[in-house]
$ cat target32.pdb   # PDB, C-alpha atoms
ATOM      1  CA  MET U  16     132.981  78.592 -18.347
ATOM      2  CA  ALA U  17     133.097  81.503 -20.791
ATOM      3  CA  LYS U  18     136.385  82.997 -21.930
ATOM      4  CA  TRP U  19     136.819  86.587 -23.127
ATOM      5  CA  ILE U  20     139.045  87.041 -26.117
ATOM      6  CA  GLY U  21     140.140  89.911 -28.300
ATOM      7  CA  GLY U  22     141.675  89.968 -31.743
ATOM      8  CA  PRO U  23     145.051  88.365 -32.527
ATOM      9  CA  GLY U  24     147.913  90.073 -30.676
ATOM     10  CA  ILE U  25     145.635  92.518 -28.855
ATOM     11  CA  THR U  26     145.448  92.420 -25.076
ATOM     12  CA  SER U  27     142.137  92.774 -23.317
ATOM     13  CA  ALA U  28     143.191  96.175 -21.866
ATOM     14  CA  GLU U  29     144.002  97.514 -25.331
ATOM     15  CA  MET U  30     140.753  96.128 -26.696
ATOM     16  CA  SER U  31     138.668  97.698 -23.931
ATOM     17  CA  ASP U  32     140.209 101.071 -24.712
ATOM     18  CA  THR U  33     139.404 100.849 -28.411
ATOM     19  CA  CYS U  34     136.136  98.987 -28.617
ATOM     20  CA  SER U  35     134.398  97.481 -25.621
ATOM     21  CA  SER U  36     131.725  95.882 -27.825
ATOM     22  CA  CYS U  37     134.341  93.972 -29.856
ATOM     23  CA  PHE U  38     134.710  91.268 -27.210
ATOM     24  CA  ARG U  39     133.250  87.896 -28.005
ATOM     25  CA  VAL U  40     132.164  85.252 -25.540
ATOM     26  CA  ILE U  41     133.169  81.723 -26.413
ATOM     27  CA  LYS U  42     131.291  79.086 -24.462
ATOM     28  CA  LYS U  43     132.665  75.670 -23.854
ATOM     29  CA  MET U  44     130.690  73.398 -26.161
ATOM     30  CA  SER U  45     130.407  70.224 -24.116
ATOM     31  CA  PHE U  46     127.771  68.999 -21.697
ATOM     32  CA  TYR U  47     128.150  69.897 -18.046
ATOM     33  CA  PHE U  48     126.135  69.234 -14.890
ATOM     34  CA  SER U  49     125.267  72.460 -13.107
ATOM     35  CA  ASP U  50     122.345  74.112 -11.366
ATOM     36  CA  THR U  51     122.902  77.384 -13.230
ATOM     37  CA  ALA U  52     121.839  78.096 -16.797
ATOM     38  CA  VAL U  53     120.102  80.627 -18.999
ATOM     39  CA  LEU U  54     117.430  78.923 -21.087
ATOM     40  CA  LEU U  55     115.827  80.410 -24.199
ATOM     41  CA  PHE U  56     115.335  83.926 -22.777
ATOM     42  CA  ASP U  57     117.238  86.175 -20.374
ATOM     43  CA  PHE U  58     114.383  86.043 -17.871
ATOM     44  CA  TRP U  59     114.657  82.219 -17.699
ATOM     45  CA  SER U  60     117.857  82.316 -15.695
ATOM     46  CA  VAL U  61     118.372  79.445 -13.267
ATOM     47  CA  HIS U  62     120.615  79.858 -10.224
ATOM     48  CA  SER U  63     119.515  77.140  -7.766
ATOM     49  CA  PRO U  64     118.868  73.397  -7.640
ATOM     50  CA  THR U  65     115.130  74.050  -7.190
ATOM     51  CA  GLY U  66     115.077  76.315 -10.224
ATOM     52  CA  MET U  67     116.920  73.695 -12.251
ATOM     53  CA  ALA U  68     114.484  70.972 -11.160
ATOM     54  CA  LEU U  69     111.539  73.152 -12.211
ATOM     55  CA  SER U  70     113.255  73.988 -15.508
ATOM     56  CA  VAL U  71     113.862  70.307 -16.216
ATOM     57  CA  LEU U  72     110.189  69.634 -15.449
ATOM     58  CA  VAL U  73     109.147  72.333 -17.937
ATOM     59  CA  ILE U  74     111.418  70.800 -20.599
ATOM     60  CA  VAL U  75     109.973  67.339 -19.876
ATOM     61  CA  LEU U  76     106.447  68.708 -20.315
ATOM     62  CA  LEU U  77     107.384  70.525 -23.538
ATOM     63  CA  SER U  78     108.870  67.302 -24.910
ATOM     64  CA  VAL U  79     105.776  65.290 -23.961
ATOM     65  CA  LEU U  80     103.587  67.922 -25.613
ATOM     66  CA  TYR U  81     105.776  67.767 -28.739
ATOM     67  CA  GLU U  82     105.231  63.994 -28.994
ATOM     68  CA  ALA U  83     101.488  64.373 -28.379
ATOM     69  CA  ILE U  84     101.193  66.928 -31.165
ATOM     70  CA  LYS U  85     103.205  64.701 -33.490
ATOM     71  CA  MET U  86     100.753  61.852 -32.890
ATOM     72  CA  GLY U  87      97.802  64.253 -33.190
ATOM     73  CA  LYS U  88      99.022  65.176 -36.655
ATOM     74  CA  ALA U  89      99.069  61.492 -37.614
ATOM     75  CA  VAL U  90      95.488  61.039 -36.385
ATOM     76  CA  LEU U  91      94.357  64.111 -38.330
ATOM     77  CA  LEU U  92      96.095  62.811 -41.445
ATOM     78  CA  ARG U  93      94.270  59.495 -41.146
ATOM     79  CA  ARG U  94      90.923  61.276 -40.752
ATOM     80  CA  ALA U  95      91.694  63.608 -43.673
ATOM     81  CA  LEU U  96      92.462  60.652 -45.916
ATOM     82  CA  LEU U  97      89.189  59.027 -44.903
ATOM     83  CA  ALA U  98      87.337  62.265 -45.744
ATOM     84  CA  VAL U  99      88.499  62.140 -49.369
ATOM     85  CA  PRO U 100      86.124  60.060 -51.532
ATOM     86  CA  ARG U 101      87.601  56.748 -52.662
ATOM     87  CA  ASN U 102      86.197  56.869 -56.200
ATOM     88  CA  LEU U 103      87.976  59.903 -57.584
ATOM     89  CA  SER U 104      88.393  59.667 -61.342
ATOM     90  CA  GLN U 105      90.695  61.692 -63.548
ATOM     91  CA  GLU U 106      87.713  63.362 -65.222
ATOM     92  CA  SER U 107      86.223  64.589 -61.959
ATOM     93  CA  LEU U 108      89.603  65.987 -60.931
ATOM     94  CA  ALA U 109      90.227  67.695 -64.264
ATOM     95  CA  GLU U 110      86.744  69.168 -64.761
ATOM     96  CA  PRO U 111      84.819  69.700 -61.538
ATOM     97  CA  GLU U 112      81.124  70.197 -62.020
ATOM     98  CA  GLU U 113      79.335  73.328 -60.835
ATOM     99  CA  GLU U 114      77.104  71.466 -58.400
ATOM    100  CA  GLU U 115      80.072  69.794 -56.692
ATOM    101  CA  SER U 116      81.664  73.102 -55.680
ATOM    102  CA  ASN U 117      79.698  73.036 -52.418
ATOM    103  CA  ASN U 118      80.733  69.458 -51.708
ATOM    104  CA  PRO U 119      80.775  68.859 -47.923
ATOM    105  CA  THR U 120      83.593  66.335 -48.352
ATOM    106  CA  GLN U 121      85.860  69.004 -49.779
ATOM    107  CA  GLY U 122      85.085  71.352 -46.875
ATOM    108  CA  ARG U 123      85.743  68.606 -44.363
ATOM    109  CA  TRP U 124      89.088  67.798 -46.010
ATOM    110  CA  PHE U 125      90.044  71.489 -45.911
ATOM    111  CA  ARG U 126      89.261  71.688 -42.181
ATOM    112  CA  TYR U 127      91.458  68.655 -41.522
ATOM    113  CA  HIS U 128      94.225  70.203 -43.622
ATOM    114  CA  LEU U 129      93.935  73.484 -41.709
ATOM    115  CA  GLY U 130      94.097  71.560 -38.425
ATOM    116  CA  GLN U 131      97.196  69.700 -39.586
ATOM    117  CA  THR U 132      98.828  72.979 -40.563
ATOM    118  CA  LEU U 133      98.182  74.502 -37.137
ATOM    119  CA  PHE U 134      99.447  71.352 -35.420
ATOM    120  CA  HIS U 135     102.565  71.497 -37.611
ATOM    121  CA  VAL U 136     103.319  75.112 -36.668
ATOM    122  CA  VAL U 137     102.954  74.359 -32.952
ATOM    123  CA  GLN U 138     105.110  71.232 -33.342
ATOM    124  CA  VAL U 139     107.887  73.180 -35.093
ATOM    125  CA  VAL U 140     107.847  75.942 -32.461
ATOM    126  CA  LEU U 141     107.978  73.428 -29.593
ATOM    127  CA  GLY U 142     110.705  71.452 -31.321
ATOM    128  CA  TYR U 143     112.882  74.523 -31.756
ATOM    129  CA  MET U 144     112.278  75.597 -28.162
ATOM    130  CA  VAL U 145     113.386  72.205 -26.828
ATOM    131  CA  MET U 146     116.347  72.162 -29.223
ATOM    132  CA  LEU U 147     117.499  75.620 -28.132
ATOM    133  CA  ALA U 148     117.137  74.662 -24.472
ATOM    134  CA  VAL U 149     119.305  71.591 -25.084
ATOM    135  CA  MET U 150     121.846  73.848 -26.793
ATOM    136  CA  SER U 151     122.531  75.404 -23.401
ATOM    137  CA  TYR U 152     124.679  72.260 -22.993
ATOM    138  CA  ASN U 153     123.339  71.709 -19.513
ATOM    139  CA  ALA U 154     123.198  67.935 -19.048
ATOM    140  CA  TRP U 155     120.141  68.128 -16.774
ATOM    141  CA  ILE U 156     118.174  69.931 -19.480
ATOM    142  CA  PHE U 157     119.351  67.415 -22.072
ATOM    143  CA  LEU U 158     118.244  64.493 -19.890
ATOM    144  CA  GLY U 159     114.897  66.222 -19.331
ATOM    145  CA  ALA U 160     114.366  66.475 -23.096
ATOM    146  CA  ILE U 161     115.228  62.784 -23.564
ATOM    147  CA  VAL U 162     112.984  61.660 -20.694
ATOM    148  CA  GLY U 163     110.119  63.841 -21.923
ATOM    149  CA  SER U 164     110.382  62.575 -25.478
ATOM    150  CA  THR U 165     110.530  58.950 -24.296
ATOM    151  CA  LEU U 166     107.645  59.383 -21.879
ATOM    152  CA  GLY U 167     105.558  61.246 -24.441
ATOM    153  CA  TYR U 168     106.078  58.592 -27.104
ATOM    154  CA  PHE U 169     105.372  55.785 -24.615
ATOM    155  CA  VAL U 170     102.118  57.362 -23.427
ATOM    156  CA  VAL U 171     100.795  58.772 -26.706
ATOM    157  CA  TYR U 172     101.754  56.092 -29.245
ATOM    158  CA  PRO U 173      99.121  53.533 -28.094
ATOM    159  CA  LEU U 174      96.476  56.233 -28.619
ATOM    160  CA  LEU U 175      97.360  56.367 -32.323
ATOM    161  CA  GLY U 176      95.636  53.020 -32.923
ATOM    162  CA  ARG U 177      92.431  54.277 -31.276
ATOM    163  CA  GLY U 178      92.281  57.549 -33.250
TER
END
$ encode --input "target32.pdb" --output "structure tokens"
Amino acid sequence: MAKWIGGPGITSAEMSDTCSSCFRVIKKMSFYFSDTAVLLFDFWSVHSPTGMALSVLVIVLLSVLYEAIKMGKAVLLRRALLAVPRNLSQESLAEPEEEESNNPTQGRWFRYHLGQTLFHVVQVVLGYMVMLAVMSYNAWIFLGAIVGSTLGYFVVYPLLGRG
């Protein structure tokens, strides 16, 4: 799978004598079906069909969670927009009055915005984790990400109308 190479015109024996850390590993960059892979971290090393099945299940769950958080952000956005008063005028935006500084609507909007920000951070982290797992080029992991995303969207999307 991986091929060791040295510089141009240098044999591997010569390279090992001069600089053993100069070797580079070039992975084949195409999808393959295998029950061995290293996913995200060195400790997540899979060497058996059972380990691969459990790893695919974890990726499916991460993808479902990613879709759920994406829909949760949409629900929070809808609620945040409803928390903003409908009759905002240019004057009230330009010159807020002293007594409106403790406006409960403004505090409620800020809480929704803070919630959306936290949801966004979790969504980005999960998205990158799934993306990096797929970049292992293991076809089973890739299929797990696709199935999880499809399943998550199918299950969570109808809940968007109820939120």
$ atom_distance --input "target32.pdb" --atom1 "CA of Gln131 (chain U)" --atom2 "CA of Met144 (chain U)"
19.8 Å
$ closest_residue --input "target32.pdb" --among "U:Gly122, U:Gly176, U:Gly130, U:Gly142" --to "Val79 (chain U)" --atoms "all atoms listed in the file"
U:Gly142
$ atom_distance --input "target32.pdb" --atom1 "CA of Leu133 (chain U)" --atom2 "CA of Leu92 (chain U)"
12.6 Å
$ residues_near_point --input "target32.pdb" --point "(104.3, 61.3, -29.8)" --cutoff "12 Å" --atoms "all atoms listed in the file" --output "list in words"
Leu77, Ser78, Val79, Leu80, Tyr81, Glu82, Ala83, Ile84, Lys85, Met86, Gly87, Lys88, Ala89, Val90, Gln138, Gly163, Ser164, Thr165, Leu166, Gly167, Tyr168, Phe169, Val170, Val171, Tyr172, Pro173, Leu174 and Leu175 of chain U
$ residues_near_point --input "target32.pdb" --point "(120.4, 81.9, -20.5)" --cutoff "12 Å" --atoms "all atoms listed in the file" --output "list in words"
Lys42, Thr51, Ala52, Val53, Leu54, Leu55, Phe56, Asp57, Phe58, Trp59, Ser60, Val61, His62, Ser70, Leu147, Ala148, Val149, Met150, Ser151, Tyr152 and Asn153 of chain U
$ write_last_selection --input "target32.pdb" --atoms "C-alpha atoms" --output "compact mmCIF listing (two decimals), in the coordinates of the input"
# COMPACT_ATOMS: atom_id res chain seq x y z
CA LYS U 42 131.29 79.09 -24.46
CA THR U 51 122.90 77.38 -13.23
CA ALA U 52 121.84 78.10 -16.80
CA VAL U 53 120.10 80.63 -19.00
CA LEU U 54 117.43 78.92 -21.09
CA LEU U 55 115.83 80.41 -24.20
CA PHE U 56 115.34 83.93 -22.78
CA ASP U 57 117.24 86.18 -20.37
CA PHE U 58 114.38 86.04 -17.87
CA TRP U 59 114.66 82.22 -17.70
CA SER U 60 117.86 82.32 -15.70
CA VAL U 61 118.37 79.44 -13.27
CA HIS U 62 120.62 79.86 -10.22
CA SER U 70 113.26 73.99 -15.51
CA LEU U 147 117.50 75.62 -28.13
CA ALA U 148 117.14 74.66 -24.47
CA VAL U 149 119.30 71.59 -25.08
CA MET U 150 121.85 73.85 -26.79
CA SER U 151 122.53 75.40 -23.40
CA TYR U 152 124.68 72.26 -22.99
CA ASN U 153 123.34 71.71 -19.51
$ atom_distance --input "target32.pdb" --atom1 "CA of Ala154 (chain U)" --atom2 "CA of Ser63 (chain U)"
15.0 Å
$ axis_aligned_box --input "target32.pdb" --around "region 119-134 of chain U" --padding-each-side "6 Å" --output "AutoDock Vina command-line options"
--center_x 90.1 --center_y 70.4 --center_z -42.6 --size_x 30.7 --size_y 20.2 --size_z 26.4
$ residues_around --input "target32.pdb" --residues "Ala68 (chain U)" --least-positions-apart "3" --cutoff "12 Å" --atoms "all atoms listed in the file" --output "ChimeraX atom specification"
/U:49-52,61-65,71-75,155-156,158-159
$ residues_around --input "target32.pdb" --residues "Arg94 (chain U)" --least-positions-apart "4" --cutoff "10 Å" --atoms "only C-alpha atoms" --output "PDB file with C-alpha atoms, in the coordinates of the input"
ATOM      1  CA  LYS U  88      99.022  65.176 -36.655  1.00  0.00           C
ATOM      2  CA  ALA U  89      99.069  61.492 -37.614  1.00  0.00           C
ATOM      3  CA  VAL U  90      95.488  61.039 -36.385  1.00  0.00           C
ATOM      4  CA  ALA U  98      87.337  62.265 -45.744  1.00  0.00           C
ATOM      5  CA  VAL U  99      88.499  62.140 -49.369  1.00  0.00           C
ATOM      6  CA  ARG U 123      85.743  68.606 -44.363  1.00  0.00           C
ATOM      7  CA  TRP U 124      89.088  67.798 -46.010  1.00  0.00           C
ATOM      8  CA  TYR U 127      91.458  68.655 -41.522  1.00  0.00           C
ATOM      9  CA  HIS U 128      94.225  70.203 -43.622  1.00  0.00           C
ATOM     10  CA  GLY U 178      92.281  57.549 -33.250  1.00  0.00           C
TER      11      GLY U 178
END
